[in-house]
Amino acid sequence: MSVLDESRRHVGGDGEMAQRIRAFDWSMTELGPIERWPQSLVSVMQVVLASPVPMVVLWGVDGYMLYNDAYAVFAGGRHPYLLGCPVEQGWPEVAAFNHRVLETCLAGGTLTYRDKELVLLRDGKPEDVWMDLYYSPVVGDDDVPAGVIAVVVETTERVLTEQSRQHAEVALRLANERLQLALNTGAVLGTWVWDVGFGTVSGDERFTRTFGDVSQRQVRDIGDLLSIQRVDPDDVEHVQAQMLASLRSQTPFRAEYRITRADGEFLWVQSSGQWELDAHGGPHRLPGVLIDIHERKVAEAALVQLTATLEQRVKDAVSARAAVEAQLRQAQKMEALGSLTGGVAHDFNNVLQVINGNLQMLSAELANHPVAQRRIATAAEAVRRGARLASHLLAFARRQPLSPLVVCPRQLLEGMDEMIHRSLGETVNIDTIVPDDLWNVLVDRNQLENALLNLAINARDAMRGEGTLTIAARNVVLDGKPDNGHGGGGDTEVGPGEYVCFSVSDTGVGMSAEVLEHAFEPFYTTKPEGHGTGLGLSMVFGFVKQSGGHMEMESVVGRGTTVKLFFPRSLEAPCTDSPAAPGGVPRGNETVLIVEDDADVRLTAVDMIAQLGYQVLTASTGDEAKAILLGDARIDLLFTDVVMPGDVKSPELARLATQRVPSVPVVFTSGYTRDEIFHHGRLDPGVTLLAKPYRRDELAHKLRSALEGQSRGQATPRSALSPYENESPSCSPAESASSSSLPSLVTPQSAAHGPRDEEGQLPCHVLLVEDDAPSREAMRDLIEVMGLRCCAAGSAEEALERATAQRYDVLLSDLTLPGMAGDQLALALRRTQPHVHVFLMSGYGQCADVDPLLNDVPVLQKPLDALALGRRIAACRKSA
């Protein structure tokens, strides 16, 4: 006997499911090969496969599924996946139900359900179904329940039909109830009967009150009946047609039409009736009822009008909701970015203050060393650049301390005219449109000038140095509704009121919608790497928002960009400029209490203030400072950081200082002002703030002004900003330059000392490539101090040109360069000078993206560790 014959003996029939069961590999399940199935399972499967009713067998504790052709139809898209599958896995959405079935039946029990409601997944979607289910245990060869046989009859269609019938009965009952209520209310104008044979009409009391006594009126045709009811002439033809149609079809008559009241006003009514026919099928009587439907018809007319405009109203509502959601997402994103950048600026300014303070002191101590002064000046310029970067971050975070004054826009733009022309060059045509009747605005003049200049420079770059730039100002009145036409990111929270709008338009390349959406985010730029920080627009955005205004941007690719700045109107007169503070570095001998939690910043402040002649007391927390202020120590001035750890904050320290006798003046310092002394975009009244990083002379003037009861911060708006935003040109190098000692890693050798160093080696030639000029000069000095010969280039192309005439031992190149990148320069140089040792530099360190062919080249983290660089170069010389 063949395997097929044996399987047919076990599982009879040639139906689809019988063939599938015989073909299934049951050895992979607990049932084992089909030839070894117990007789009890074989017998029950023969019954199941022969049944036209959907049946399924769940065998074993896991309920492996075996079913017939009818059940396969019921299973739908799950067939044939269900065959041989545990039932809880095959029907996961009703796994708990099937688990209970298995437990009950394998324990010898039975289960029956009528119209059992379940939720099954059909075509991937949940669907409510109803079924009659019958579950019985199947006894194995050992007389112990080994499986479950289930009969599944879906009753969904019958249940839904029954539900529909019940709903219809309920609806009919409610309709009858409403009809009875209508008949018992004032809505019924009366009932009437037209006796066609006698040609008379009669009505009840309510009908008589509405139309008068009609019992004596002769009614020859439908027209007479309608005349009695005072039907509007425009509706007569329609009502006659409705009556004749109901007569021909022997169906109930119903019509809605207008009647004329005694006062001349029309009233909408509904007339309903049923023709009674004589023995010959002709009309005999027509009883009917008349109902007042005037309010409903008026409401329907209003609804029709409402529906006619529904699509537009829905579109408007969806558009408004999308605009609000976009505003919320933008506000949340910008707020999160603002918190992040503000915190970064705070820590960055603390680092810069330590560097700057030490450089200032070194400059004073090394006043007679020109070389040192030059290096200190280079480092000081780097600090200034860092301070400007931090200032931009604070502007975006809306944490820069503003000193707003009432400004006349016309005077401001006229004063900027020469500076803008000088900044943009002669190839850019500049049009200025400024009317005479411009309103005044309350803004920080310096920051507004910086913002407009920044936008002008961005416009020049977008026009690639040639085109027309239009700077305009105008008065506008806004209604507070969001303007969805500006086409991009930025500020859409527009408060109603009177504004002055500054606009900067260019004829440049424009921006796509995707670029426009991110244009105001910090560090987002479309310029090549190394040619822009991406902070310009974000700084302007933060300043405008902090000033109580808002910002819009419109741009079309290929046609240009327009940026608009809106500032609230001020009704006050413009302020006059304050005189400049006198020069010189004032000194003193009073006692200053310094409160600063950062140890390095605190030590630097102590050194700087002590060099100015003052006595110094220090505290690292607000709690320590409070104890000193409440003690007997002499204190002439409190110099405190704004953000302090501990329970006692800087405003509390200031209050304690002013309560001492005599009152102690307070000077705040911070790299990141917060709400303690900073509200609504400006410093609190009477607050003196020295922004980090500060210069030695700036600190001296602040201390002296506070001690003498004068606040230069109020008299001069620039004083609250970073001193490097508007550096005074009169500062001496000793007061403005800063640097730190450079390490001597190799005994310095010059050309005068001979061609070899003290170890007998030839001088090491280094090719330095750095596009940033101050960094390049500082690094060249560093390399030469190590006793190495250095040739510096500002680009890869310049470096390759120099390499044609000189052999180099070391290439030290920035990775990001204008034109050819640093790694490609290294590959090109190695082709002509394979012996050269290559070092690449990047602010990303080892995470920088470098050509795979240079996997042996170290990438040094900027800023460079001078000692590490010296050791690496020394190792290269020894291995050469």
# chains A, B, ... in the order shown; residues from 1 in each chain; ligands from 1
$ residues_around --residues "A:Val476" --least-positions-apart "3" --cutoff "7 Å" --atoms "only C-alpha atoms" --output "list of chain:residue names"
A:Glu498, A:Tyr499, A:Val500, A:Cys501
$ residues_around --residues "A:Ala848" --least-positions-apart "2" --cutoff "12 Å" --atoms "only C-alpha atoms" --output "number ranges by chain"
A: 814-816, 822-823, 840-846, 850-852, 855, 857-862
$ write_last_selection --atoms "all heavy atoms" --output "compact mmCIF listing (two decimals), in the first residue's frame"
# COMPACT_ATOMS: atom_id res chain seq x y z
N ASP A 814 43.76 72.04 7.70
CA ASP A 814 42.36 72.02 8.11
C ASP A 814 41.60 71.13 7.13
O ASP A 814 41.92 71.08 5.94
CB ASP A 814 41.79 73.44 8.10
CG ASP A 814 40.43 73.50 8.76
OD1 ASP A 814 40.05 72.53 9.45
OD2 ASP A 814 39.74 74.51 8.59
N LEU A 815 40.61 70.40 7.61
CA LEU A 815 39.85 69.51 6.74
C LEU A 815 38.91 70.29 5.83
O LEU A 815 38.74 69.97 4.65
CB LEU A 815 39.06 68.50 7.58
CG LEU A 815 38.35 67.37 6.82
CD1 LEU A 815 39.34 66.58 6.00
CD2 LEU A 815 37.62 66.46 7.79
N THR A 816 38.29 71.34 6.38
CA THR A 816 37.33 72.13 5.62
C THR A 816 38.02 73.37 5.06
O THR A 816 38.42 74.25 5.80
CB THR A 816 36.15 72.56 6.50
OG1 THR A 816 35.55 71.40 7.08
CG2 THR A 816 35.13 73.33 5.71
N GLY A 822 40.72 69.38 2.65
CA GLY A 822 42.02 69.03 3.21
C GLY A 822 42.44 67.61 2.94
O GLY A 822 43.63 67.33 2.70
N ASP A 823 41.49 66.65 2.97
CA ASP A 823 41.88 65.26 2.73
C ASP A 823 42.28 65.05 1.27
O ASP A 823 43.20 64.27 0.97
CB ASP A 823 40.76 64.30 3.14
CG ASP A 823 39.43 64.63 2.49
OD1 ASP A 823 39.32 65.71 1.87
OD2 ASP A 823 38.49 63.83 2.61
N LEU A 840 45.55 66.07 9.83
CA LEU A 840 44.37 66.87 9.49
C LEU A 840 43.75 67.45 10.76
O LEU A 840 43.85 66.85 11.84
CB LEU A 840 43.34 66.02 8.75
CG LEU A 840 43.80 65.46 7.40
CD1 LEU A 840 42.72 64.56 6.80
CD2 LEU A 840 44.14 66.58 6.43
N MET A 841 43.10 68.60 10.62
CA MET A 841 42.45 69.27 11.77
C MET A 841 40.98 69.48 11.47
O MET A 841 40.59 69.79 10.34
CB MET A 841 43.11 70.63 12.02
CG MET A 841 44.59 70.60 12.28
SD MET A 841 45.26 72.28 12.48
CE MET A 841 45.10 72.90 10.80
N SER A 842 40.14 69.31 12.51
CA SER A 842 38.70 69.53 12.34
C SER A 842 38.06 69.77 13.70
O SER A 842 38.51 69.21 14.72
CB SER A 842 38.03 68.33 11.67
OG SER A 842 36.63 68.47 11.66
N GLY A 843 37.03 70.58 13.70
CA GLY A 843 36.26 70.77 14.92
C GLY A 843 35.49 69.53 15.33
O GLY A 843 35.05 69.40 16.47
N TYR A 844 35.33 68.56 14.38
CA TYR A 844 34.64 67.31 14.68
C TYR A 844 35.58 66.22 15.18
O TYR A 844 35.13 65.13 15.56
CB TYR A 844 33.90 66.80 13.44
CG TYR A 844 32.83 67.73 12.95
CD1 TYR A 844 33.01 68.50 11.81
CD2 TYR A 844 31.62 67.86 13.62
CE1 TYR A 844 32.03 69.37 11.35
CE2 TYR A 844 30.63 68.72 13.17
CZ TYR A 844 30.84 69.47 12.05
OH TYR A 844 29.87 70.32 11.61
N GLY A 845 36.89 66.48 15.17
CA GLY A 845 37.85 65.50 15.66
C GLY A 845 37.78 64.21 14.87
O GLY A 845 37.67 64.21 13.64
N GLN A 846 37.85 63.08 15.57
CA GLN A 846 37.85 61.78 14.92
C GLN A 846 36.54 61.46 14.23
O GLN A 846 36.45 60.52 13.44
CB GLN A 846 38.17 60.68 15.95
CG GLN A 846 39.58 60.76 16.51
CD GLN A 846 40.66 60.51 15.46
OE1 GLN A 846 40.42 59.79 14.49
NE2 GLN A 846 41.84 61.10 15.63
N VAL A 850 36.43 61.68 6.50
CA VAL A 850 37.72 61.73 5.81
C VAL A 850 37.75 60.64 4.75
O VAL A 850 37.16 59.56 4.93
CB VAL A 850 38.89 61.55 6.81
CG1 VAL A 850 40.23 61.60 6.09
CG2 VAL A 850 38.83 62.63 7.87
N ASP A 851 38.44 60.91 3.64
CA ASP A 851 38.56 59.93 2.56
C ASP A 851 39.13 58.61 3.10
O ASP A 851 40.10 58.61 3.86
CB ASP A 851 39.49 60.50 1.47
CG ASP A 851 39.42 59.67 0.19
OD1 ASP A 851 39.81 58.49 0.22
OD2 ASP A 851 38.99 60.22 -0.83
N PRO A 852 38.51 57.46 2.76
CA PRO A 852 38.98 56.16 3.28
C PRO A 852 40.44 55.87 2.97
O PRO A 852 41.08 55.08 3.69
CB PRO A 852 38.05 55.15 2.59
CG PRO A 852 36.84 55.94 2.22
CD PRO A 852 37.31 57.32 1.92
N ASN A 855 42.97 56.44 6.01
CA ASN A 855 42.61 55.87 7.30
C ASN A 855 43.78 55.82 8.27
O ASN A 855 43.61 55.59 9.46
CB ASN A 855 42.00 54.48 7.13
CG ASN A 855 42.94 53.54 6.36
OD1 ASN A 855 44.09 53.88 6.09
ND2 ASN A 855 42.42 52.39 6.00
N VAL A 857 45.73 58.44 8.73
CA VAL A 857 46.04 59.83 9.06
C VAL A 857 45.26 60.24 10.30
O VAL A 857 44.03 60.08 10.36
CB VAL A 857 45.68 60.76 7.88
CG1 VAL A 857 45.77 62.22 8.29
CG2 VAL A 857 46.60 60.47 6.70
N PRO A 858 45.95 60.78 11.32
CA PRO A 858 45.23 61.24 12.52
C PRO A 858 44.48 62.54 12.23
O PRO A 858 44.97 63.40 11.49
CB PRO A 858 46.34 61.46 13.55
CG PRO A 858 47.57 61.71 12.73
CD PRO A 858 47.43 60.90 11.48
N VAL A 859 43.28 62.66 12.81
CA VAL A 859 42.50 63.89 12.72
C VAL A 859 42.52 64.55 14.09
O VAL A 859 41.99 64.00 15.06
CB VAL A 859 41.06 63.60 12.27
CG1 VAL A 859 40.27 64.91 12.15
CG2 VAL A 859 41.06 62.87 10.93
N LEU A 860 43.15 65.71 14.19
CA LEU A 860 43.31 66.41 15.46
C LEU A 860 42.10 67.27 15.74
O LEU A 860 41.56 67.93 14.86
CB LEU A 860 44.58 67.28 15.42
CG LEU A 860 45.87 66.56 15.00
CD1 LEU A 860 47.03 67.53 15.03
CD2 LEU A 860 46.15 65.36 15.90
N GLN A 861 41.67 67.25 17.00
CA GLN A 861 40.51 68.03 17.43
C GLN A 861 40.87 69.50 17.59
O GLN A 861 41.89 69.84 18.19
CB GLN A 861 39.98 67.49 18.77
CG GLN A 861 38.84 68.27 19.38
CD GLN A 861 37.52 67.96 18.71
OE1 GLN A 861 37.18 66.81 18.52
NE2 GLN A 861 36.79 68.99 18.36
N LYS A 862 40.08 70.38 17.00
CA LYS A 862 40.24 71.82 17.23
C LYS A 862 39.48 72.21 18.49
O LYS A 862 38.38 71.72 18.72
CB LYS A 862 39.69 72.62 16.04
CG LYS A 862 40.60 72.68 14.84
CD LYS A 862 40.01 73.67 13.83
CE LYS A 862 40.97 73.94 12.70
NZ LYS A 862 40.41 74.92 11.74
$ select_by_dssp --residues "stretch 414-640 of chain A" --states "helix (DSSP H, G or I)" --output "PyMOL selection string"
chain A and resi 414-424+445-462+513-518+536-546+599-611+622-629
$ closest_residue --among "A:Met539, A:Glu276, A:Pro693, A:Ala803" --to "A:Asn454" --atoms "only C-alpha atoms"
A:Met539
$ residues_around --residues "A:Ala793" --least-positions-apart "5" --cutoff "8 Å" --atoms "only C-alpha atoms" --output "PDB file with N, CA and C atoms, in the first residue's frame"
ATOM      1  N   LEU A 767      54.171  72.323   6.247  1.00  0.00           N
ATOM      2  CA  LEU A 767      53.262  73.058   5.381  1.00  0.00           C
ATOM      3  C   LEU A 767      51.923  73.169   6.106  1.00  0.00           C
ATOM      4  N   LEU A 768      51.588  74.383   6.540  1.00  0.00           N
ATOM      5  CA  LEU A 768      50.345  74.647   7.288  1.00  0.00           C
ATOM      6  C   LEU A 768      49.306  75.207   6.324  1.00  0.00           C
ATOM      7  N   VAL A 769      48.105  74.616   6.322  1.00  0.00           N
ATOM      8  CA  VAL A 769      47.022  75.070   5.439  1.00  0.00           C
ATOM      9  C   VAL A 769      45.797  75.360   6.313  1.00  0.00           C
ATOM     10  N   GLU A 770      45.411  76.615   6.385  1.00  0.00           N
ATOM     11  CA  GLU A 770      44.265  77.060   7.208  1.00  0.00           C
ATOM     12  C   GLU A 770      43.677  78.301   6.542  1.00  0.00           C
ATOM     13  N   ASP A 771      42.363  78.284   6.244  1.00  0.00           N
ATOM     14  CA  ASP A 771      41.768  79.409   5.522  1.00  0.00           C
ATOM     15  C   ASP A 771      41.451  80.587   6.431  1.00  0.00           C
ATOM     16  N   GLU A 798      46.759  76.927  -3.128  1.00  0.00           N
ATOM     17  CA  GLU A 798      47.984  77.663  -2.826  1.00  0.00           C
ATOM     18  C   GLU A 798      49.044  76.719  -2.266  1.00  0.00           C
ATOM     19  N   ALA A 799      48.641  75.779  -1.425  1.00  0.00           N
ATOM     20  CA  ALA A 799      49.591  74.836  -0.831  1.00  0.00           C
ATOM     21  C   ALA A 799      50.240  73.958  -1.893  1.00  0.00           C
TER      22      ALA A 799
END
$ closest_residue --among "A:Asn358, A:Thr378, A:Thr561, A:Ser670" --to "A:Met779" --atoms "only C-alpha atoms"
A:Thr378
$ atom_distance --atom1 "atom CA of A:His550" --atom2 "atom CA of A:Phe566"
5.3 Å
$ residues_around --residues "A:Ala255" --least-positions-apart "6" --cutoff "9 Å" --atoms "only C-alpha atoms" --output "MDAnalysis selection string"
chainID A and resid 238:239 242:243 269:272
$ residues_around --residues "stretch 15-22 of chain A" --least-positions-apart "5" --cutoff "12 Å" --atoms "only C-alpha atoms" --output "PyMOL selection string"
chain A and resi 3-10+27+33-35+37+42+45-52+54-56+65-73+79-84
$ write_last_selection --atoms "N, CA, C and O atoms" --output "compact mmCIF listing (two decimals), in the first residue's frame"
# COMPACT_ATOMS: atom_id res chain seq x y z
N VAL A 3 2.00 5.36 0.28
CA VAL A 3 1.78 6.37 1.32
C VAL A 3 0.50 7.11 1.08
O VAL A 3 -0.27 7.42 2.00
N LEU A 4 0.17 7.43 -0.21
CA LEU A 4 -1.07 8.14 -0.52
C LEU A 4 -2.27 7.32 -0.14
O LEU A 4 -3.24 7.82 0.46
N ASP A 5 -2.25 6.01 -0.48
CA ASP A 5 -3.38 5.16 -0.11
C ASP A 5 -3.53 5.09 1.39
O ASP A 5 -4.65 5.08 1.92
N GLU A 6 -2.40 5.00 2.12
CA GLU A 6 -2.46 4.92 3.58
C GLU A 6 -3.07 6.19 4.15
O GLU A 6 -3.88 6.14 5.06
N SER A 7 -2.66 7.35 3.61
CA SER A 7 -3.22 8.61 4.12
C SER A 7 -4.68 8.72 3.79
O SER A 7 -5.47 9.26 4.57
N ARG A 8 -5.09 8.21 2.60
CA ARG A 8 -6.51 8.24 2.26
C ARG A 8 -7.31 7.35 3.21
O ARG A 8 -8.46 7.64 3.55
N ARG A 9 -6.70 6.24 3.61
CA ARG A 9 -7.40 5.37 4.57
C ARG A 9 -7.61 6.10 5.89
O ARG A 9 -8.64 5.95 6.53
N HIS A 10 -6.59 6.89 6.30
CA HIS A 10 -6.72 7.61 7.56
C HIS A 10 -7.65 8.80 7.43
O HIS A 10 -8.47 9.05 8.32
N SER A 27 4.46 16.01 10.87
CA SER A 27 5.56 15.57 11.75
C SER A 27 6.17 16.75 12.50
O SER A 27 6.85 16.56 13.51
N PRO A 33 3.23 12.22 12.25
CA PRO A 33 2.85 11.84 10.88
C PRO A 33 1.42 11.34 10.84
O PRO A 33 0.91 10.72 11.79
N ILE A 34 0.76 11.58 9.73
CA ILE A 34 -0.66 11.24 9.61
C ILE A 34 -0.89 9.74 9.73
O ILE A 34 -1.94 9.30 10.18
N GLU A 35 0.11 8.93 9.33
CA GLU A 35 -0.06 7.47 9.41
C GLU A 35 -0.14 6.99 10.86
O GLU A 35 -0.64 5.89 11.13
N TRP A 37 -1.65 8.76 13.37
CA TRP A 37 -2.71 9.42 14.12
C TRP A 37 -3.55 8.41 14.88
O TRP A 37 -3.80 7.29 14.39
N VAL A 42 -8.72 10.18 13.56
CA VAL A 42 -9.07 9.83 12.18
C VAL A 42 -10.58 9.78 12.01
O VAL A 42 -11.15 10.30 11.04
N MET A 45 -12.17 13.24 12.05
CA MET A 45 -11.86 14.01 10.84
C MET A 45 -12.67 13.52 9.66
O MET A 45 -13.04 14.30 8.77
N GLN A 46 -12.98 12.21 9.61
CA GLN A 46 -13.83 11.71 8.54
C GLN A 46 -15.23 12.32 8.61
O GLN A 46 -15.82 12.69 7.60
N VAL A 47 -15.71 12.51 9.84
CA VAL A 47 -17.02 13.14 10.03
C VAL A 47 -16.95 14.61 9.64
O VAL A 47 -17.82 15.15 8.96
N VAL A 48 -15.89 15.30 10.08
CA VAL A 48 -15.75 16.73 9.81
C VAL A 48 -15.65 17.00 8.33
O VAL A 48 -16.32 17.88 7.79
N LEU A 49 -14.82 16.23 7.63
CA LEU A 49 -14.62 16.48 6.20
C LEU A 49 -15.86 16.18 5.39
O LEU A 49 -16.06 16.76 4.32
N ALA A 50 -16.71 15.31 5.87
CA ALA A 50 -17.94 14.98 5.14
C ALA A 50 -19.06 15.95 5.42
O ALA A 50 -20.08 15.94 4.73
N SER A 51 -18.91 16.83 6.40
CA SER A 51 -20.00 17.73 6.80
C SER A 51 -20.01 18.97 5.92
O SER A 51 -18.97 19.56 5.64
N PRO A 52 -21.23 19.42 5.50
CA PRO A 52 -21.34 20.69 4.74
C PRO A 52 -21.32 21.91 5.65
O PRO A 52 -21.24 23.03 5.17
N PRO A 54 -19.64 24.36 8.51
CA PRO A 54 -18.27 24.68 8.94
C PRO A 54 -17.92 24.00 10.27
O PRO A 54 -18.58 24.23 11.28
N MET A 55 -16.92 23.15 10.25
CA MET A 55 -16.49 22.44 11.44
C MET A 55 -14.96 22.47 11.52
O MET A 55 -14.27 22.45 10.50
N VAL A 56 -14.47 22.49 12.76
CA VAL A 56 -13.03 22.52 12.97
C VAL A 56 -12.71 21.68 14.19
O VAL A 56 -13.49 21.63 15.15
N MET A 65 -5.30 23.11 14.54
CA MET A 65 -6.54 23.23 13.79
C MET A 65 -6.56 22.34 12.57
O MET A 65 -5.63 22.35 11.73
N LEU A 66 -7.66 21.52 12.45
CA LEU A 66 -7.97 20.74 11.26
C LEU A 66 -9.42 21.03 10.95
O LEU A 66 -10.29 20.96 11.82
N TYR A 67 -9.74 21.37 9.68
CA TYR A 67 -11.10 21.81 9.39
C TYR A 67 -11.50 21.36 7.99
O TYR A 67 -10.69 20.87 7.20
N ASN A 68 -12.80 21.55 7.69
CA ASN A 68 -13.35 21.09 6.42
C ASN A 68 -13.43 22.24 5.43
O ASN A 68 -13.04 23.37 5.72
N ASP A 69 -13.99 21.93 4.24
CA ASP A 69 -14.05 22.94 3.17
C ASP A 69 -14.95 24.10 3.55
O ASP A 69 -14.66 25.26 3.21
N ALA A 70 -16.05 23.84 4.24
CA ALA A 70 -16.96 24.92 4.63
C ALA A 70 -16.27 25.88 5.60
O ALA A 70 -16.46 27.11 5.52
N TYR A 71 -15.48 25.36 6.52
CA TYR A 71 -14.76 26.23 7.45
C TYR A 71 -13.68 27.05 6.72
O TYR A 71 -13.39 28.19 7.08
N ALA A 72 -13.08 26.46 5.68
CA ALA A 72 -12.07 27.18 4.90
C ALA A 72 -12.68 28.43 4.27
O ALA A 72 -12.05 29.50 4.20
N VAL A 73 -13.96 28.30 3.80
CA VAL A 73 -14.64 29.47 3.24
C VAL A 73 -14.85 30.50 4.34
O VAL A 73 -14.64 31.71 4.14
N HIS A 79 -7.09 31.19 5.43
CA HIS A 79 -6.90 29.85 4.88
C HIS A 79 -5.89 29.93 3.76
O HIS A 79 -5.95 30.86 2.95
N PRO A 80 -4.91 29.05 3.63
CA PRO A 80 -4.71 27.81 4.43
C PRO A 80 -3.75 27.99 5.61
O PRO A 80 -3.24 27.01 6.14
N TYR A 81 -3.47 29.25 5.97
CA TYR A 81 -2.52 29.48 7.07
C TYR A 81 -2.97 28.79 8.35
O TYR A 81 -2.15 28.32 9.15
N LEU A 82 -4.31 28.69 8.57
CA LEU A 82 -4.81 28.14 9.83
C LEU A 82 -4.54 26.64 9.96
O LEU A 82 -4.49 26.12 11.09
N LEU A 83 -4.39 25.94 8.88
CA LEU A 83 -4.24 24.49 8.93
C LEU A 83 -2.96 24.13 9.69
O LEU A 83 -1.87 24.58 9.34
N GLY A 84 -3.10 23.31 10.74
CA GLY A 84 -1.96 22.89 11.54
C GLY A 84 -1.44 23.98 12.47
O GLY A 84 -0.38 23.79 13.08
$ closest_residue --among "A:Ala245, A:Met463, A:Ala826, A:Leu41" --to "A:Leu854" --atoms "only C-alpha atoms"
A:Ala826
$ residues_around --residues "stretch 633-641 of chain A" --least-positions-apart "6" --cutoff "9 Å" --atoms "only C-alpha atoms" --output "JSON, numbers by chain"
{"A": [590, 591, 592, 593, 594, 595, 596, 597, 617, 622, 650, 653, 654, 657, 662, 663, 664, 665, 666, 667, 668, 669, 670, 671, 703, 706, 707]}
$ closest_residue --among "A:Leu629, A:Leu565, A:Val196, A:Ala519" --to "A:Gln659" --atoms "only C-alpha atoms"
A:Leu629
$ closest_residue --among "A:Cys408, A:Met511, A:Ile457, A:Cys85" --to "A:Thr29" --atoms "only C-alpha atoms"
A:Cys85
$ closest_residue --among "A:Val214, A:Ala380, A:Leu286, A:Val139" --to "A:Gly197" --atoms "only C-alpha atoms"
A:Leu286
$ atom_distance --atom1 "atom CA of A:Thr110" --atom2 "atom CA of A:Ala150"
10.0 Å
